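The next block holds one structure in the form of structure tokens; read it before the comments.
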Amino acid sequence: MNTTVLIVAAGSGSRLQAGVPKALAALGDGRTLLEHCLESVAAAHASGAIELNAVAVVLPSRQGAAAALEDVCRTFAAHRGITVRSVPGGAERADSVRAGLAAVRALSGETAPGERHAVLVHDAARPLVPPAVFQAVMTALGEGAAAAVPAIAVVDTIKTAAGTDSGGERVTGTLDRSELRAVQTPQGFDLSALEAAHRRAEREGPAGAAALTDDAMAMEAAGHPVAVVPGDPLGFKITTPLDLMLANALLDPSSPTPEERHL
Ligand SMILES: Nc1ccn([C@@H]2O[C@H](COP(=O)(O)OP(=O)(O)OP(=O)(O)O)[C@@H](O)[C@H]2O)c(=O)n1
Ligand SMILES: C[C@](O)(CO)[C@H](O)COP(=O)(O)O
């Protein structure tokens, strides 16, 4: 299936506090998070997991950061022979995805009747996703799903809590963990269906963008079933300094491989 990968990389990384927008943070050998993420997409393409048409990357609008990340995209495109288009993002992740979807559509061309284009929406903040996860998402789309998300089981007990009058919190309930999944990216979609779902969510106003923490939510709201496929612990999102330490340790050439660590 003709597939375009959409990497959202326009976040500020306020929780990482790296002093630069997160996609520019250095990881492992010093290459940026965005470079590592692009290389994971190239690895998935090289392994045959995805039939890559092109990559669209959504970048921060801050000038210096945008120029540096555009350079990353250009170098990757030239080195790997993959078409890469970059566009500026928006205030919320969903705004950035919408900006990226316009670029994906331009890269994919019109959808002829009966034809399907796939889009894989992926976080630059997840730089270590193995090809098998891309493969599992594409398999679900190939079997006819309009939406597929990789997910892993939740290991903690998850409780709901509410504020108390004294300023603290108290537990209001405990969720059934057997039904909970931590959802990762890349999330795969039929392109036309995702465009329509985002247009629908946008009609609900700007509050809608903040409420959509992933793209599957837009599809769920539009009434599409969302297939769940196996994610991978290596698909973790680099959100905090601890996550970056973990990713650096995993990429340290003197460390045991993920297989040796039984990841
Ligand atoms: N306005 C935004 C916000 C997020 N993202 C992207 O969405 C992914 C997941 O977001 P997250 O990890 O939360 O990144 P940040 O928003 O940068 O982090 P924080 O919330 O800590 O500022 C990241 O690849 C990020 O670049 C984006 O493209 N545009
Ligand atoms: C899309 C996502 O990575 C799926 O887990 C996640 O919802 C992004 O959330 P964030 O709060 O923007 O990091």
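Scheme for the structure tokens: letters A, B, ... for chains in order shown; per-chain residue numbers from 1; ligand numbers from 1 in order shown.
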Exercise for review: Pick out the residues no farther than 8 Å from ligand 2, counting only C-alpha atoms and all ligand atoms, and list them as a list in words.
Suggested key: Glu92, Arg93, His122, Asp123, Ala125, Arg126, Ala182, Val183, Gln184, Thr185, Leu212, Thr213, Asp214, Asp215, Lys237 and Thr239 of chain A
Check your understanding: Tell me, which residues of region 87-230 of chain A carry DSSP helix (DSSP H, G or I), written as a PyMOL selection string?
Key -> chain A and resi 93-108+131-142+177-179+191-203+206-211+216-221
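Nearest to Pro127 (chain A) of all the residues A:Ala221, A:Ala10, A:Ala43, A:Val20 is A:Ala43, based on only C-alpha atoms.
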Exercise for review: Please identify which residues in region 203-260 of chain A DSSP calls strand (DSSP E) from the backbone, and express them as a list in words.
Suggested key: Ala227, Val228, Val229 and Pro230 of chain A
Those selected residues, please, written with C-alpha atoms and delivered as a PDB file, in the first residue's frame.
```pdb
ATOM      1  CA  ALA A 227      -7.288  -2.187  15.633  1.00  0.00           C
ATOM      2  CA  VAL A 228      -4.718  -2.801  18.373  1.00  0.00           C
ATOM      3  CA  VAL A 229      -1.431  -4.486  17.383  1.00  0.00           C
ATOM      4  CA  PRO A 230       1.593  -5.398  19.524  1.00  0.00           C
TER       5      PRO A 230
END
```
Using only C-alpha atoms, which residues sit within 12 Å of Ile158 (chain A) once same-chain residues fewer than 4 positions away are excluded, as an mmCIF file with C-alpha atoms, in the first residue's frame?
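Just written: part.cif:
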```cif
data_model
loop_
_atom_site.group_PDB
_atom_site.id
_atom_site.type_symbol
_atom_site.label_atom_id
_atom_site.label_comp_id
_atom_site.auth_asym_id
_atom_site.auth_seq_id
_atom_site.Cartn_x
_atom_site.Cartn_y
_atom_site.Cartn_z
ATOM 1 C CA ALA A 153 0.065 -3.721 28.555
ATOM 2 C CA VAL A 154 0.006 -1.356 31.525
ATOM 3 C CA VAL A 171 -8.538 8.050 45.307
ATOM 4 C CA THR A 172 -11.927 7.895 43.606
ATOM 5 C CA GLY A 173 -11.575 4.477 42.001
ATOM 6 C CA THR A 174 -9.335 1.779 40.511
ATOM 7 C CA LEU A 175 -9.500 0.912 36.813
ATOM 8 C CA ASP A 176 -9.555 -2.668 35.530
ATOM 9 C CA ARG A 177 -5.943 -3.049 34.395
ATOM 10 C CA SER A 178 -6.696 -6.006 32.149
ATOM 11 C CA GLU A 179 -8.497 -3.615 29.782
ATOM 12 C CA LEU A 180 -5.849 -0.857 29.812
ATOM 13 C CA ARG A 181 -3.236 -0.374 27.071
ATOM 14 C CA ALA A 182 -0.432 2.172 26.742
#
```
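Going from CA of Ala136 (chain A) over to CA of Cys37 (chain A), you cover 17.8 Å.
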